[in-house]
$ cat start.txt   # compact mmCIF, C-alpha atoms
# COMPACT_ATOMS: atom_id res chain seq x y z
CA MET Q 24 -9.78 12.14 -9.12
CA SER Q 25 -12.17 9.59 -7.71
CA GLU Q 26 -12.64 9.30 -3.98
CA ASN Q 27 -14.12 6.54 -1.87
CA PRO Q 28 -14.41 6.97 1.90
CA THR Q 29 -13.51 3.33 2.55
CA ILE Q 30 -10.48 3.12 0.26
CA GLY Q 31 -9.22 6.69 0.18
CA TRP Q 32 -8.35 9.28 -2.41
CA PHE Q 33 -5.49 10.63 -4.50
CA GLU Q 34 -3.65 13.90 -4.11
CA GLY Q 35 -1.47 14.01 -7.19
CA ARG Q 36 0.23 10.65 -7.49
CA VAL Q 37 -0.05 9.88 -3.75
CA HIS Q 38 -2.88 7.75 -2.41
CA HIS Q 39 -4.28 8.68 1.02
CA TYR Q 40 -5.85 5.87 3.04
CA PRO Q 41 -7.65 6.85 6.26
CA LEU Q 42 -7.84 4.56 9.27
CA ARG Q 43 -8.68 4.67 12.95
CA VAL Q 44 -6.60 2.92 15.61
CA TYR Q 45 -8.71 0.42 17.53
CA TYR Q 46 -8.01 -1.38 20.79
CA GLU Q 47 -7.11 -4.54 18.86
CA ASP Q 48 -4.29 -2.63 17.10
CA THR Q 49 -2.54 -1.75 20.35
CA ASP Q 50 -0.40 -3.38 22.99
CA PHE Q 51 -1.22 -3.29 26.70
CA SER Q 52 -0.12 0.36 26.93
CA GLY Q 53 -2.45 1.66 24.21
CA VAL Q 54 0.35 2.14 21.67
CA VAL Q 55 0.02 0.57 18.21
CA TYR Q 56 1.84 -2.76 18.18
CA TYR Q 57 4.78 -2.42 15.76
CA ALA Q 58 3.74 -5.29 13.44
CA ASN Q 59 0.33 -3.74 12.86
CA TYR Q 60 1.92 -1.02 10.74
CA LEU Q 61 2.60 -3.78 8.20
CA LYS Q 62 -1.16 -4.45 8.10
CA PHE Q 63 -1.94 -0.75 7.76
CA CYS Q 64 0.50 -0.50 4.84
CA GLU Q 65 -0.93 -3.60 3.16
CA ARG Q 66 -4.47 -2.24 3.39
CA ALA Q 67 -3.30 1.03 1.85
CA ARG Q 68 -1.45 -0.70 -1.02
CA SER Q 69 -4.51 -2.83 -1.79
CA SER Q 70 -6.81 0.20 -1.60
CA PHE Q 71 -4.57 2.07 -4.06
CA PHE Q 72 -5.01 -0.82 -6.50
CA ARG Q 73 -8.79 -0.89 -6.01
CA LEU Q 74 -9.08 2.82 -6.64
CA VAL Q 75 -7.25 2.51 -9.99
CA GLY Q 76 -9.45 -0.43 -11.00
CA PHE Q 77 -7.74 -3.65 -9.90
CA GLU Q 78 -8.92 -6.08 -7.24
CA HIS Q 79 -6.56 -8.83 -6.09
CA ALA Q 80 -9.15 -11.63 -6.34
CA ALA Q 81 -10.02 -10.68 -9.92
CA LEU Q 82 -6.34 -10.51 -10.88
CA TRP Q 83 -5.84 -14.03 -9.53
CA GLU Q 84 -8.93 -15.44 -11.22
CA GLY Q 85 -8.33 -13.84 -14.65
CA ASP Q 86 -7.05 -15.38 -17.88
CA ASN Q 87 -3.43 -14.62 -16.94
CA PRO Q 88 -3.47 -14.99 -13.14
CA ILE Q 89 -1.20 -12.69 -11.19
CA ALA Q 90 -0.63 -11.93 -7.53
CA PHE Q 91 1.85 -9.82 -5.61
CA ALA Q 92 4.29 -10.94 -2.94
CA ILE Q 93 6.31 -8.56 -0.81
CA ARG Q 94 9.96 -9.35 -1.49
CA LYS Q 95 11.32 -6.91 1.07
CA ILE Q 96 10.12 -4.12 3.29
CA ALA Q 97 11.84 -1.70 5.66
CA LEU Q 98 10.03 0.39 8.27
CA ASP Q 99 11.34 3.32 10.24
CA TYR Q 100 9.39 4.01 13.43
CA LYS Q 101 9.58 7.69 14.40
CA LYS Q 102 6.68 8.27 16.80
CA PRO Q 103 4.00 6.00 18.25
CA ALA Q 104 0.34 6.00 17.25
CA ARG Q 105 -2.14 5.41 20.05
CA ILE Q 106 -5.61 4.03 20.55
CA ASP Q 107 -8.34 6.17 18.94
CA ASP Q 108 -5.86 8.08 16.73
CA SER Q 109 -7.04 8.99 13.26
CA LEU Q 110 -4.26 8.14 10.79
CA ILE Q 111 -3.58 8.53 7.09
CA VAL Q 112 -1.34 6.12 5.19
CA ARG Q 113 0.20 7.82 2.17
CA THR Q 114 1.26 5.45 -0.61
CA SER Q 115 3.12 6.06 -3.82
CA TYR Q 116 4.00 3.42 -6.36
CA ASP Q 117 7.35 4.79 -7.45
CA ARG Q 118 8.58 2.62 -10.30
CA ILE Q 119 8.24 -0.70 -12.07
CA LYS Q 120 11.25 -2.76 -13.09
CA GLY Q 121 10.38 -6.06 -14.76
CA PRO Q 122 8.09 -7.91 -12.34
CA ARG Q 123 9.04 -5.65 -9.41
CA LEU Q 124 7.02 -2.76 -8.06
CA PHE Q 125 8.74 -0.26 -5.74
CA VAL Q 126 6.53 1.42 -3.14
CA SER Q 127 7.01 4.26 -0.64
CA GLN Q 128 4.61 4.72 2.26
CA SER Q 129 4.26 6.86 5.35
CA VAL Q 130 1.81 6.89 8.24
CA TRP Q 131 0.64 10.30 9.49
CA ARG Q 132 -1.32 11.61 12.44
CA GLY Q 133 -2.30 15.11 11.39
CA ASP Q 134 0.95 16.79 10.37
CA GLU Q 135 3.17 14.32 12.28
CA GLU Q 136 4.93 11.60 10.31
CA LEU Q 137 4.94 8.49 12.51
CA VAL Q 138 6.32 5.70 10.31
CA THR Q 139 7.91 5.36 6.88
CA ALA Q 140 8.04 2.19 4.84
CA VAL Q 141 9.85 1.27 1.63
CA SER Q 142 8.91 -2.00 -0.02
CA GLU Q 143 9.47 -4.06 -3.11
CA ALA Q 144 6.63 -6.24 -4.36
CA THR Q 145 7.03 -8.87 -7.05
CA ALA Q 146 4.30 -9.93 -9.44
CA ILE Q 147 4.05 -13.71 -9.45
CA SER Q 148 2.33 -16.46 -11.44
CA PRO Q 149 0.25 -19.25 -9.83
CA GLU Q 150 3.46 -21.31 -9.75
CA GLY Q 151 5.11 -18.60 -7.66
CA ARG Q 152 7.45 -17.45 -10.41
CA PRO Q 153 8.09 -13.76 -11.10
CA ARG Q 154 6.20 -12.39 -14.10
CA ARG Q 155 5.65 -9.02 -15.67
CA MET Q 156 2.46 -7.16 -14.94
CA PRO Q 157 -0.18 -7.08 -17.68
CA LYS Q 158 0.04 -4.15 -20.08
CA ASN Q 159 -3.29 -2.68 -18.91
CA MET Q 160 -2.04 -2.63 -15.31
CA MET Q 161 1.23 -0.95 -16.25
CA GLU Q 162 -0.73 1.66 -18.23
CA ALA Q 163 -3.12 2.28 -15.30
CA LEU Q 164 -0.22 2.69 -12.86
CA GLY Q 165 1.82 4.85 -15.26
CA PRO Q 166 0.40 8.25 -14.17
CA TYR Q 167 1.24 7.46 -10.53
CA LEU Q 168 4.89 6.49 -11.04
CA LEU Q 169 7.82 8.84 -10.49
CA PRO Q 170 8.93 10.60 -13.66
CA VAL Q 171 11.87 8.89 -15.32
$ encode --input "start.txt" --output "structure tokens"
Amino acid sequence: MSENPTIGWFEGRVHHYPLRVYYEDTDFSGVVYYANYLKFCERARSSFFRLVGFEHAALWEGDNPIAFAIRKIALDYKKPARIDDSLIVRTSYDRIKGPRLFVSQSVWRGDEELVTAVSEATAISPEGRPRRMPKNMMEALGPYLLPV
């Protein structure tokens, strides 16, 4: 499978996105500020898409514009990440149901799972209405979805 040091790699159906914790990611104590895990997860989801051939700007500017909005997300904080930590965000796109895309993510430091996230994204039109993903996108994501 293809690999790109800036956007990660796949191991099976799971995308691995590497990142380093910088000072700006932390609170005054050097621990990653809780809301920044949302940013880490967003970067990983976007990088997954790039690696399978889709860039958000191109999707929005195409003949049938489409974007994604997070409808809901739940995070479970297990252990803190700290300044200078090297992390991996693991992302799997689990299933598609109509315009909805169900995603599981976890943030790891070595062999320690720090955070888990479960989200639901909805594909939307320029008017903000839910719409199904284009056939070519569903086909490209197919090998990465959970077996039915």
$ atom_distance --input "start.txt" --atom1 "atom CA of Q:Glu136" --atom2 "atom CA of Q:Lys120"
28.2 Å
$ atom_distance --input "start.txt" --atom1 "atom CA of Q:Leu98" --atom2 "atom CA of Q:Thr29"
24.4 Å
$ closest_residue --input "start.txt" --among "Q:Arg66, Q:Glu150, Q:Val138, Q:Arg123" --to "Q:Tyr100" --atoms "all atoms listed in the file"
Q:Val138
$ closest_residue --input "start.txt" --among "Q:Val54, Q:Val130, Q:Met160, Q:Ile147" --to "Q:Phe91" --atoms "all atoms listed in the file"
Q:Ile147
$ atom_distance --input "start.txt" --atom1 "atom CA of Q:Leu61" --atom2 "atom CA of Q:Pro170"
26.9 Å
$ residues_near_point --input "start.txt" --point "(-6.3, 3.5, 21.3)" --cutoff "7 Å" --atoms "all atoms listed in the file" --output "mmCIF file with C-alpha atoms, in the frame of the given file"
data_model
loop_
_atom_site.group_PDB
_atom_site.id
_atom_site.type_symbol
_atom_site.label_atom_id
_atom_site.label_comp_id
_atom_site.auth_asym_id
_atom_site.auth_seq_id
_atom_site.Cartn_x
_atom_site.Cartn_y
_atom_site.Cartn_z
ATOM 1 C CA VAL Q 44 -6.600 2.920 15.610
ATOM 2 C CA TYR Q 45 -8.710 0.420 17.530
ATOM 3 C CA TYR Q 46 -8.010 -1.380 20.790
ATOM 4 C CA THR Q 49 -2.540 -1.750 20.350
ATOM 5 C CA GLY Q 53 -2.450 1.660 24.210
ATOM 6 C CA VAL Q 54 0.350 2.140 21.670
ATOM 7 C CA ARG Q 105 -2.140 5.410 20.050
ATOM 8 C CA ILE Q 106 -5.610 4.030 20.550
ATOM 9 C CA ASP Q 107 -8.340 6.170 18.940
ATOM 10 C CA ASP Q 108 -5.860 8.080 16.730
#
$ closest_residue --input "start.txt" --among "Q:Phe72, Q:Phe51, Q:Phe77, Q:Tyr57" --to "Q:Thr114" --atoms "only C-alpha atoms"
Q:Phe72
$ closest_residue --input "start.txt" --among "Q:Pro122, Q:Gly133, Q:Pro41, Q:Gly85" --to "Q:Arg155" --atoms "all atoms listed in the file"
Q:Pro122
$ closest_residue --input "start.txt" --among "Q:Arg73, Q:Lys62, Q:Arg68, Q:His39" --to "Q:Arg113" --atoms "only C-alpha atoms"
Q:His39
$ residues_near_point --input "start.txt" --point "(-7.2, 1.5, 5.3)" --cutoff "10 Å" --atoms "all atoms listed in the file" --output "PyMOL selection string"
chain Q and resi 28-31+39-43+62-71+110-112
$ build_atoms --input "start.txt" --residues "stretch 27-59 of chain Q" --atoms "N, CA and C atoms" --output "PDB file, in the coordinates of the input"
ATOM      1  N   ASN Q  27     -13.246   7.506  -2.504  1.00  0.00           N
ATOM      2  CA  ASN Q  27     -14.120   6.540  -1.870  1.00  0.00           C
ATOM      3  C   ASN Q  27     -13.768   6.549  -0.391  1.00  0.00           C
ATOM      4  N   PRO Q  28     -14.742   6.835   0.477  1.00  0.00           N
ATOM      5  CA  PRO Q  28     -14.410   6.970   1.900  1.00  0.00           C
ATOM      6  C   PRO Q  28     -13.820   5.713   2.542  1.00  0.00           C
ATOM      7  N   THR Q  29     -14.057   4.547   1.950  1.00  0.00           N
ATOM      8  CA  THR Q  29     -13.510   3.330   2.550  1.00  0.00           C
ATOM      9  C   THR Q  29     -12.136   2.969   2.019  1.00  0.00           C
ATOM     10  N   ILE Q  30     -11.790   3.467   0.828  1.00  0.00           N
ATOM     11  CA  ILE Q  30     -10.480   3.120   0.260  1.00  0.00           C
ATOM     12  C   ILE Q  30      -9.612   4.318  -0.033  1.00  0.00           C
ATOM     13  N   GLY Q  31     -10.074   5.522   0.262  1.00  0.00           N
ATOM     14  CA  GLY Q  31      -9.220   6.690   0.180  1.00  0.00           C
ATOM     15  C   GLY Q  31      -9.375   7.524  -1.067  1.00  0.00           C
ATOM     16  N   TRP Q  32      -8.334   8.330  -1.317  1.00  0.00           N
ATOM     17  CA  TRP Q  32      -8.350   9.280  -2.410  1.00  0.00           C
ATOM     18  C   TRP Q  32      -6.915   9.577  -2.842  1.00  0.00           C
ATOM     19  N   PHE Q  33      -6.792  10.223  -3.985  1.00  0.00           N
ATOM     20  CA  PHE Q  33      -5.490  10.630  -4.500  1.00  0.00           C
ATOM     21  C   PHE Q  33      -5.311  12.137  -4.355  1.00  0.00           C
ATOM     22  N   GLU Q  34      -4.111  12.521  -4.011  1.00  0.00           N
ATOM     23  CA  GLU Q  34      -3.650  13.900  -4.110  1.00  0.00           C
ATOM     24  C   GLU Q  34      -2.408  13.821  -4.970  1.00  0.00           C
ATOM     25  N   GLY Q  35      -2.551  14.210  -6.225  1.00  0.00           N
ATOM     26  CA  GLY Q  35      -1.470  14.010  -7.190  1.00  0.00           C
ATOM     27  C   GLY Q  35      -1.276  12.517  -7.399  1.00  0.00           C
ATOM     28  N   ARG Q  36      -0.043  12.076  -7.291  1.00  0.00           N
ATOM     29  CA  ARG Q  36       0.230  10.650  -7.490  1.00  0.00           C
ATOM     30  C   ARG Q  36       0.208   9.852  -6.186  1.00  0.00           C
ATOM     31  N   VAL Q  37      -0.078  10.523  -5.062  1.00  0.00           N
ATOM     32  CA  VAL Q  37      -0.050   9.880  -3.750  1.00  0.00           C
ATOM     33  C   VAL Q  37      -1.456   9.505  -3.292  1.00  0.00           C
ATOM     34  N   HIS Q  38      -1.607   8.248  -2.934  1.00  0.00           N
ATOM     35  CA  HIS Q  38      -2.880   7.750  -2.410  1.00  0.00           C
ATOM     36  C   HIS Q  38      -2.924   7.988  -0.904  1.00  0.00           C
ATOM     37  N   HIS Q  39      -4.064   8.439  -0.409  1.00  0.00           N
ATOM     38  CA  HIS Q  39      -4.280   8.680   1.020  1.00  0.00           C
ATOM     39  C   HIS Q  39      -5.340   7.707   1.513  1.00  0.00           C
ATOM     40  N   TYR Q  40      -4.951   6.886   2.486  1.00  0.00           N
ATOM     41  CA  TYR Q  40      -5.850   5.870   3.040  1.00  0.00           C
ATOM     42  C   TYR Q  40      -6.102   6.184   4.518  1.00  0.00           C
ATOM     43  N   PRO Q  41      -7.349   6.512   4.866  1.00  0.00           N
ATOM     44  CA  PRO Q  41      -7.650   6.850   6.260  1.00  0.00           C
ATOM     45  C   PRO Q  41      -7.909   5.600   7.098  1.00  0.00           C
ATOM     46  N   LEU Q  42      -7.502   5.647   8.354  1.00  0.00           N
ATOM     47  CA  LEU Q  42      -7.840   4.560   9.270  1.00  0.00           C
ATOM     48  C   LEU Q  42      -7.865   5.077  10.693  1.00  0.00           C
ATOM     49  N   ARG Q  43      -8.555   4.357  11.526  1.00  0.00           N
ATOM     50  CA  ARG Q  43      -8.680   4.670  12.950  1.00  0.00           C
ATOM     51  C   ARG Q  43      -7.977   3.568  13.717  1.00  0.00           C
ATOM     52  N   VAL Q  44      -7.264   3.916  14.772  1.00  0.00           N
ATOM     53  CA  VAL Q  44      -6.600   2.920  15.610  1.00  0.00           C
ATOM     54  C   VAL Q  44      -7.612   2.391  16.624  1.00  0.00           C
ATOM     55  N   TYR Q  45      -7.803   1.093  16.603  1.00  0.00           N
ATOM     56  CA  TYR Q  45      -8.710   0.420  17.530  1.00  0.00           C
ATOM     57  C   TYR Q  45      -7.925  -0.295  18.623  1.00  0.00           C
ATOM     58  N   TYR Q  46      -8.619  -0.674  19.656  1.00  0.00           N
ATOM     59  CA  TYR Q  46      -8.010  -1.380  20.790  1.00  0.00           C
ATOM     60  C   TYR Q  46      -7.213  -2.591  20.305  1.00  0.00           C
ATOM     61  N   GLU Q  47      -7.774  -3.321  19.360  1.00  0.00           N
ATOM     62  CA  GLU Q  47      -7.110  -4.540  18.860  1.00  0.00           C
ATOM     63  C   GLU Q  47      -5.773  -4.259  18.180  1.00  0.00           C
ATOM     64  N   ASP Q  48      -5.538  -3.006  17.770  1.00  0.00           N
ATOM     65  CA  ASP Q  48      -4.290  -2.630  17.100  1.00  0.00           C
ATOM     66  C   ASP Q  48      -3.163  -2.319  18.080  1.00  0.00           C
ATOM     67  N   THR Q  49      -3.496  -2.243  19.370  1.00  0.00           N
ATOM     68  CA  THR Q  49      -2.540  -1.750  20.350  1.00  0.00           C
ATOM     69  C   THR Q  49      -2.006  -2.839  21.270  1.00  0.00           C
ATOM     70  N   ASP Q  50      -0.918  -2.500  21.951  1.00  0.00           N
ATOM     71  CA  ASP Q  50      -0.400  -3.380  22.990  1.00  0.00           C
ATOM     72  C   ASP Q  50      -1.053  -2.980  24.314  1.00  0.00           C
ATOM     73  N   PHE Q  51      -0.610  -3.533  25.391  1.00  0.00           N
ATOM     74  CA  PHE Q  51      -1.220  -3.290  26.700  1.00  0.00           C
ATOM     75  C   PHE Q  51      -1.163  -1.820  27.129  1.00  0.00           C
ATOM     76  N   SER Q  52      -0.274  -1.045  26.519  1.00  0.00           N
ATOM     77  CA  SER Q  52      -0.120   0.360  26.930  1.00  0.00           C
ATOM     78  C   SER Q  52      -0.947   1.325  26.077  1.00  0.00           C
ATOM     79  N   GLY Q  53      -1.660   0.797  25.074  1.00  0.00           N
ATOM     80  CA  GLY Q  53      -2.450   1.660  24.210  1.00  0.00           C
ATOM     81  C   GLY Q  53      -1.700   2.197  23.007  1.00  0.00           C
ATOM     82  N   VAL Q  54      -0.465   1.750  22.816  1.00  0.00           N
ATOM     83  CA  VAL Q  54       0.350   2.140  21.670  1.00  0.00           C
ATOM     84  C   VAL Q  54       0.184   1.081  20.578  1.00  0.00           C
ATOM     85  N   VAL Q  55       0.154   1.524  19.310  1.00  0.00           N
ATOM     86  CA  VAL Q  55       0.020   0.570  18.210  1.00  0.00           C
ATOM     87  C   VAL Q  55       1.185  -0.408  18.239  1.00  0.00           C
ATOM     88  N   TYR Q  56       0.849  -1.690  18.218  1.00  0.00           N
ATOM     89  CA  TYR Q  56       1.840  -2.760  18.180  1.00  0.00           C
ATOM     90  C   TYR Q  56       2.610  -2.654  16.859  1.00  0.00           C
ATOM     91  N   TYR Q  57       3.925  -2.722  16.919  1.00  0.00           N
ATOM     92  CA  TYR Q  57       4.780  -2.420  15.760  1.00  0.00           C
ATOM     93  C   TYR Q  57       4.404  -3.201  14.499  1.00  0.00           C
ATOM     94  N   ALA Q  58       4.045  -4.466  14.616  1.00  0.00           N
ATOM     95  CA  ALA Q  58       3.740  -5.290  13.440  1.00  0.00           C
ATOM     96  C   ALA Q  58       2.449  -4.853  12.755  1.00  0.00           C
ATOM     97  N   ASN Q  59       1.583  -4.161  13.467  1.00  0.00           N
ATOM     98  CA  ASN Q  59       0.330  -3.740  12.860  1.00  0.00           C
ATOM     99  C   ASN Q  59       0.519  -2.670  11.794  1.00  0.00           C
TER     100      ASN Q  59
END
